[in-house]
Every structure is written in C-alpha cells, then in structure tokens.
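Everything on this sheet refers to the single structure shown next.
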Amino acid sequence: MYREVLLAHNEQPHHFYALSQPTHAAHGHNPLCGDEITVHLRIESDRIKEISFTGQGCAICKASASLMTLRLEGLSVTDAEKNAQGILKWLNDATAEQPDNLGELEALLGVRKFPMRIKCATLAWHAFLKALNQPAISDKHEGSACGCCGEGSGSKHPNGSCGCGS
Ligand SMILES: [Zn+2]
C-alpha cells in the first residue's frame with residue numbers, strides 16, 4: 001500500500017515543473033543517492049501561492065517532493081515552515097510523534113526503516129526550508145549564483161531552462 005503511493009507519485013509527480021516567476025528557490029543535493037532537485041516557490045502576502053520542483057532523483061525523492069507540494073501549497077509561510085519541520089523531525093527521529101493528518105505522506109513511514117534512504121525522503125523538505133530564506137534573483141545573474149539552480153552566470157541557462165527567467 002505505502003509502496004504503491006510512492007510509486008504512483010514517482011511516475012506522475014505533482015507540481016513537477018519550473019515556475020516561470022518564482023520569488024524563492026533553492027537547490028538540494030543528496031550525494032549518497034545522486035538525487036538533485038530544485039524547489040521553486042511563489043510567495044505572495046506571506047502565503048505559499050505556488051510550489052513546484054524540478055530535477056532528478058530516485059522514486060523516494062520524487063515521491064516525497066510530490067507529496068510535499070500537495071501538502072504545502074496554499075499554506076501561510078509560518079504554517080508551511082512548521083509543517084516541514086514537523087515532517088523532517090518525524091522522518092529523522094523514530095521516537096518523534098507522528099504529525100496530524102498525514103494523509104498520503106504516511107507512505108513515507110516505510111522509508112524510516114531504511115536509514116540509507118531517509119536523506120532521499122528529506123531532501124525536498126530541506127530544500128523547501130532553504131528556499132524560504134533564499135529569494136530568487138529575478139534580474140540577470142550578474143556573476144552571482146542563480147537563486148534557482150545554484151549555477152553561475154545567466155549564460156548557463158539555455159532558453160531559460162532553469163525557470164528563473166534570466
Ligand atoms: Zn534517492
């Protein structure tokens with residue numbers, strides 16, 4: 001059952017695209033598995049108006065990111081941050097209390113039995129928390145790192161592939 005939920009989200013991930021005008025974004029990398037994703041946010045009036053992710057990862061990584069977008073979109077920034085912290089604590093600490101109304105996120109419960117895979121499941125959530133403190137650079141990159149994908153100058157984004165619009 002849990003496995004099916006993860007497989008379904010891996011095959012058809014929700015919100016799996018780059019936002020055209022993200023206000024915030026952050027990149028996450030899990031070298032243990034090779035997962036690399038970027039979380040994009042559009043925050044307006046202290047609310048997560050839109051959230052999406054791009055990149056590549058294993059089934060657990062993508063499923064967790066997909067479930068995360070469904071969980072956090074529409075929440076206030078404060079609630080979303082609390083939510084993400086609660087989920088991370090629950091994934092990392094087997095003695096932590098289970099957060100309320102997990103819904104399909106309960107599917108990640110099975111991952112806790114495999115410590116090697118926990119970083120796959122937590123990657124998107126860490127990237128989300130990082131993104132909250134990382135406004136996307138909407139102008140040209142001007143030699144500084146791109147807030148969306150962490151790459152260098154704008155020339156590295158052929159045809160706006162990173163979604164930051166530069
Ligand atoms: Zn992984």
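By convention in this document, the chains of the structure tokens carry letters A, B, ... by their order, each chain's residues are numbered from 1, and ligands are numbered from 1 in the order they are shown.
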
Give as a list in words the residues surrounding ligand 1 up to a distance of 8 Å, considering only C-alpha atoms and all ligand atoms.
Asn30, Leu32, Cys33, Gly34, Asp35, Gly57, Cys58, Ala59, Ile60, Cys61, Arg117, Lys119, Cys120 and Ala121 of chain A

Suppose we keep N, CA and C atoms; can you now write the selection as a PDB file, in the first residue's frame?
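Contents of the output file part24.pdb:
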```pdb
ATOM      1  N   ASN A  30      21.612  15.289  -2.781  1.00  0.00           N
ATOM      2  CA  ASN A  30      21.884  14.172  -1.881  1.00  0.00           C
ATOM      3  C   ASN A  30      22.917  13.262  -2.537  1.00  0.00           C
ATOM      4  N   LEU A  32      24.576  10.821  -1.552  1.00  0.00           N
ATOM      5  CA  LEU A  32      24.506   9.389  -1.234  1.00  0.00           C
ATOM      6  C   LEU A  32      23.782   8.614  -2.324  1.00  0.00           C
ATOM      7  N   CYS A  33      22.806   9.292  -2.950  1.00  0.00           N
ATOM      8  CA  CYS A  33      21.963   8.596  -3.915  1.00  0.00           C
ATOM      9  C   CYS A  33      22.041   9.239  -5.296  1.00  0.00           C
ATOM     10  N   GLY A  34      22.501  10.484  -5.342  1.00  0.00           N
ATOM     11  CA  GLY A  34      22.544  11.197  -6.617  1.00  0.00           C
ATOM     12  C   GLY A  34      21.301  12.022  -6.888  1.00  0.00           C
ATOM     13  N   ASP A  35      20.450  12.183  -5.881  1.00  0.00           N
ATOM     14  CA  ASP A  35      19.237  12.989  -6.066  1.00  0.00           C
ATOM     15  C   ASP A  35      19.607  14.468  -6.141  1.00  0.00           C
ATOM     16  N   GLY A  57      15.732  12.425  -9.386  1.00  0.00           N
ATOM     17  CA  GLY A  57      16.019  11.702  -8.167  1.00  0.00           C
ATOM     18  C   GLY A  57      15.407  10.327  -8.224  1.00  0.00           C
ATOM     19  N   CYS A  58      15.652   9.564  -7.184  1.00  0.00           N
ATOM     20  CA  CYS A  58      15.090   8.222  -7.119  1.00  0.00           C
ATOM     21  C   CYS A  58      13.593   8.316  -6.812  1.00  0.00           C
ATOM     22  N   ALA A  59      12.935   7.189  -6.798  1.00  0.00           N
ATOM     23  CA  ALA A  59      11.486   7.165  -6.591  1.00  0.00           C
ATOM     24  C   ALA A  59      11.092   7.802  -5.260  1.00  0.00           C
ATOM     25  N   ILE A  60      11.854   7.525  -4.212  1.00  0.00           N
ATOM     26  CA  ILE A  60      11.501   8.068  -2.892  1.00  0.00           C
ATOM     27  C   ILE A  60      11.650   9.584  -2.879  1.00  0.00           C
ATOM     28  N   CYS A  61      12.711  10.061  -3.489  1.00  0.00           N
ATOM     29  CA  CYS A  61      12.969  11.501  -3.535  1.00  0.00           C
ATOM     30  C   CYS A  61      11.854  12.225  -4.283  1.00  0.00           C
ATOM     31  N   ARG A 117      18.010   5.564   3.086  1.00  0.00           N
ATOM     32  CA  ARG A 117      17.105   6.257   2.165  1.00  0.00           C
ATOM     33  C   ARG A 117      16.437   7.478   2.778  1.00  0.00           C
ATOM     34  N   LYS A 119      17.625  10.265   3.655  1.00  0.00           N
ATOM     35  CA  LYS A 119      18.058  11.519   3.002  1.00  0.00           C
ATOM     36  C   LYS A 119      17.335  11.731   1.675  1.00  0.00           C
ATOM     37  N   CYS A 120      16.945  10.651   1.022  1.00  0.00           N
ATOM     38  CA  CYS A 120      16.162  10.774  -0.219  1.00  0.00           C
ATOM     39  C   CYS A 120      14.807  11.400   0.100  1.00  0.00           C
ATOM     40  N   ALA A 121      14.212  10.951   1.201  1.00  0.00           N
ATOM     41  CA  ALA A 121      12.872  11.419   1.566  1.00  0.00           C
ATOM     42  C   ALA A 121      12.897  12.837   2.126  1.00  0.00           C
TER      43      ALA A 121
END
```

Name the residues of chain A that come out as strand (DSSP E or B) in a backbone DSSP run; write them as number ranges by chain.
A: 24-30, 35-44, 47-56, 76, 135

Suppose we keep C-alpha atoms; can you now write the selection as an mmCIF file, in the first residue's frame?
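The file below, part_6.cif, is the result:
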```cif
data_model
loop_
_atom_site.group_PDB
_atom_site.id
_atom_site.type_symbol
_atom_site.label_atom_id
_atom_site.label_comp_id
_atom_site.auth_asym_id
_atom_site.auth_seq_id
_atom_site.Cartn_x
_atom_site.Cartn_y
_atom_site.Cartn_z
ATOM 1 C CA HIS A 24 12.112 31.942 -3.894
ATOM 2 C CA ALA A 25 14.039 28.851 -4.872
ATOM 3 C CA ALA A 26 16.675 26.502 -3.538
ATOM 4 C CA HIS A 27 18.649 23.559 -4.765
ATOM 5 C CA GLY A 28 19.123 20.358 -2.818
ATOM 6 C CA HIS A 29 21.622 17.597 -3.459
ATOM 7 C CA ASN A 30 21.884 14.172 -1.881
ATOM 8 C CA ASP A 35 19.237 12.989 -6.066
ATOM 9 C CA GLU A 36 19.220 16.608 -7.208
ATOM 10 C CA ILE A 37 16.164 18.780 -7.041
ATOM 11 C CA THR A 38 15.249 22.434 -7.001
ATOM 12 C CA VAL A 39 12.210 23.681 -5.128
ATOM 13 C CA HIS A 40 10.515 26.756 -6.592
ATOM 14 C CA LEU A 41 8.142 28.971 -4.627
ATOM 15 C CA ARG A 42 5.888 31.889 -5.395
ATOM 16 C CA ILE A 43 5.184 33.594 -2.119
ATOM 17 C CA GLU A 44 2.602 36.366 -2.006
ATOM 18 C CA ARG A 47 1.416 32.622 1.669
ATOM 19 C CA ILE A 48 2.766 29.784 -0.486
ATOM 20 C CA LYS A 49 0.759 30.623 -3.587
ATOM 21 C CA GLU A 50 2.562 28.137 -5.755
ATOM 22 C CA ILE A 51 5.199 25.493 -5.184
ATOM 23 C CA SER A 52 6.912 23.222 -7.678
ATOM 24 C CA PHE A 53 10.052 21.209 -8.114
ATOM 25 C CA THR A 54 12.417 20.196 -10.866
ATOM 26 C CA GLY A 55 15.401 17.909 -11.093
ATOM 27 C CA GLN A 56 16.004 14.215 -10.922
ATOM 28 C CA SER A 76 0.837 30.523 5.143
ATOM 29 C CA PRO A 135 14.773 34.930 -2.667
#
```

Excluding Pro13 of chain A and residues on its chain fewer than 2 positions from it, collect all residues at most 9 Å away from it, counting only C-alpha atoms, and give them as a short mmCIF file (atom, residue, chain, number, x, y, z; two decimals) with N, CA and C atoms, in the first residue's frame.
```cif
data_model
loop_
_atom_site.label_atom_id
_atom_site.label_comp_id
_atom_site.auth_asym_id
_atom_site.auth_seq_id
_atom_site.Cartn_x
_atom_site.Cartn_y
_atom_site.Cartn_z
N ALA A 8 3.24 5.62 -7.43
CA ALA A 8 2.32 6.45 -8.21
C ALA A 8 2.83 7.89 -8.28
N HIS A 9 3.32 8.40 -7.14
CA HIS A 9 3.83 9.78 -7.14
C HIS A 9 5.13 9.90 -7.91
N ASN A 10 5.88 8.81 -7.94
CA ASN A 10 7.12 8.84 -8.71
C ASN A 10 6.82 8.86 -10.20
N GLU A 11 5.83 8.10 -10.60
CA GLU A 11 5.51 8.02 -12.02
C GLU A 11 4.82 9.28 -12.53
N HIS A 15 3.09 18.87 -9.52
CA HIS A 15 3.85 20.13 -9.47
C HIS A 15 5.31 19.92 -9.90
N PHE A 16 5.50 19.08 -10.90
CA PHE A 16 6.85 18.78 -11.36
C PHE A 16 7.16 19.63 -12.59
N LYS A 62 11.50 11.72 -5.45
CA LYS A 62 10.48 12.39 -6.25
C LYS A 62 9.10 12.27 -5.62
N ALA A 63 8.81 11.11 -5.07
CA ALA A 63 7.50 10.94 -4.44
C ALA A 63 7.37 11.86 -3.23
N ALA A 65 8.91 14.71 -2.75
CA ALA A 65 8.78 16.09 -3.24
C ALA A 65 7.36 16.35 -3.74
N SER A 66 6.82 15.37 -4.46
CA SER A 66 5.46 15.50 -4.98
C SER A 66 4.44 15.64 -3.84
N LEU A 67 4.58 14.78 -2.83
CA LEU A 67 3.68 14.83 -1.68
C LEU A 67 3.84 16.16 -0.94
#
```

Length of the atom CA of Tyr2 of chain A to atom CA of Trp125 of chain A vector [Å]
19.2 Å

As a ChimeraX atom specification, please: every residue in segment 55-94 of chain A that DSSP puts in alpha helix (DSSP H).
/A:59-72,77-92

Those same residues, written as a CSV table (one decimal), in the first residue's frame with N, CA and C atoms?
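result-v4.csv written:
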```
chain,number,residue,atom,x,y,z
A,59,ALA,N,12.9,7.2,-6.8
A,59,ALA,CA,11.5,7.2,-6.6
A,59,ALA,C,11.1,7.8,-5.3
A,60,ILE,N,11.9,7.5,-4.2
A,60,ILE,CA,11.5,8.1,-2.9
A,60,ILE,C,11.7,9.6,-2.9
A,61,CYS,N,12.7,10.1,-3.5
A,61,CYS,CA,13.0,11.5,-3.5
A,61,CYS,C,11.9,12.2,-4.3
A,62,LYS,N,11.5,11.7,-5.4
A,62,LYS,CA,10.5,12.4,-6.3
A,62,LYS,C,9.1,12.3,-5.6
A,63,ALA,N,8.8,11.1,-5.1
A,63,ALA,CA,7.5,10.9,-4.4
A,63,ALA,C,7.4,11.9,-3.2
A,64,SER,N,8.4,12.0,-2.5
A,64,SER,CA,8.4,12.8,-1.3
A,64,SER,C,8.2,14.3,-1.7
A,65,ALA,N,8.9,14.7,-2.8
A,65,ALA,CA,8.8,16.1,-3.2
A,65,ALA,C,7.4,16.3,-3.7
A,66,SER,N,6.8,15.4,-4.5
A,66,SER,CA,5.5,15.5,-5.0
A,66,SER,C,4.4,15.6,-3.8
A,67,LEU,N,4.6,14.8,-2.8
A,67,LEU,CA,3.7,14.8,-1.7
A,67,LEU,C,3.8,16.2,-0.9
A,68,MET,N,5.1,16.6,-0.9
A,68,MET,CA,5.3,17.9,-0.2
A,68,MET,C,4.6,19.1,-0.9
A,69,THR,N,4.6,19.1,-2.2
A,69,THR,CA,4.0,20.2,-2.9
A,69,THR,C,2.5,20.2,-2.6
A,70,LEU,N,1.9,19.0,-2.5
A,70,LEU,CA,0.5,19.0,-2.2
A,70,LEU,C,0.2,19.4,-0.8
A,71,ARG,N,1.1,19.1,0.1
A,71,ARG,CA,0.9,19.4,1.5
A,71,ARG,C,1.0,20.9,1.8
A,72,LEU,N,2.0,21.5,1.1
A,72,LEU,CA,2.3,22.9,1.5
A,72,LEU,C,1.7,24.0,0.7
A,77,VAL,N,3.2,31.0,5.1
A,77,VAL,CA,4.6,30.7,5.2
A,77,VAL,C,4.9,30.1,6.6
A,78,THR,N,4.3,30.6,7.6
A,78,THR,CA,4.6,30.1,9.0
A,78,THR,C,4.1,28.7,9.2
A,79,ASP,N,2.9,28.4,8.7
A,79,ASP,CA,2.3,27.1,8.8
A,79,ASP,C,3.1,26.1,7.9
A,80,ALA,N,3.5,26.5,6.8
A,80,ALA,CA,4.3,25.6,5.9
A,80,ALA,C,5.6,25.3,6.5
A,81,GLU,N,6.2,26.3,7.1
A,81,GLU,CA,7.5,26.0,7.8
A,81,GLU,C,7.4,25.1,8.9
A,82,LYS,N,6.3,25.2,9.7
A,82,LYS,CA,6.1,24.3,10.8
A,82,LYS,C,5.8,22.9,10.4
A,83,ASN,N,5.0,22.8,9.3
A,83,ASN,CA,4.7,21.6,8.7
A,83,ASN,C,6.0,20.8,8.3
A,84,ALA,N,6.8,21.5,7.5
A,84,ALA,CA,8.1,20.9,7.0
A,84,ALA,C,9.0,20.5,8.2
A,85,GLN,N,9.1,21.3,9.2
A,85,GLN,CA,9.9,21.0,10.3
A,85,GLN,C,9.4,19.7,11.0
A,86,GLY,N,8.1,19.7,11.1
A,86,GLY,CA,7.4,18.5,11.8
A,86,GLY,C,7.7,17.2,11.0
A,87,ILE,N,7.6,17.3,9.7
A,87,ILE,CA,7.8,16.1,8.8
A,87,ILE,C,9.2,15.7,8.9
A,88,LEU,N,10.1,16.6,8.9
A,88,LEU,CA,11.6,16.3,8.9
A,88,LEU,C,11.9,15.6,10.3
A,89,LYS,N,11.3,16.1,11.4
A,89,LYS,CA,11.6,15.6,12.7
A,89,LYS,C,11.1,14.1,12.7
A,90,TRP,N,9.9,14.0,12.2
A,90,TRP,CA,9.3,12.7,12.2
A,90,TRP,C,10.1,11.7,11.3
A,91,LEU,N,10.6,12.1,10.2
A,91,LEU,CA,11.4,11.2,9.3
A,91,LEU,C,12.7,10.9,10.0
A,92,ASN,N,13.3,11.8,10.6
A,92,ASN,CA,14.7,11.6,11.1
A,92,ASN,C,14.7,10.9,12.5
```

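The shortest atom-to-atom distance to Phe128 of chain A, with only C-alpha atoms taken into account, belongs to A:Glu73 out of A:Gln12, A:Leu105, A:Leu6, A:Glu73.
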
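Among the candidates A:Thr95, A:Pro31, A:Gly110, A:Leu102, the residue lying nearest to Leu123 of chain A is A:Pro31 (atoms considered: only C-alpha atoms).
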
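Atom CA of Leu75 of chain A lies 25.6 Å from atom CA of Val111 of chain A.
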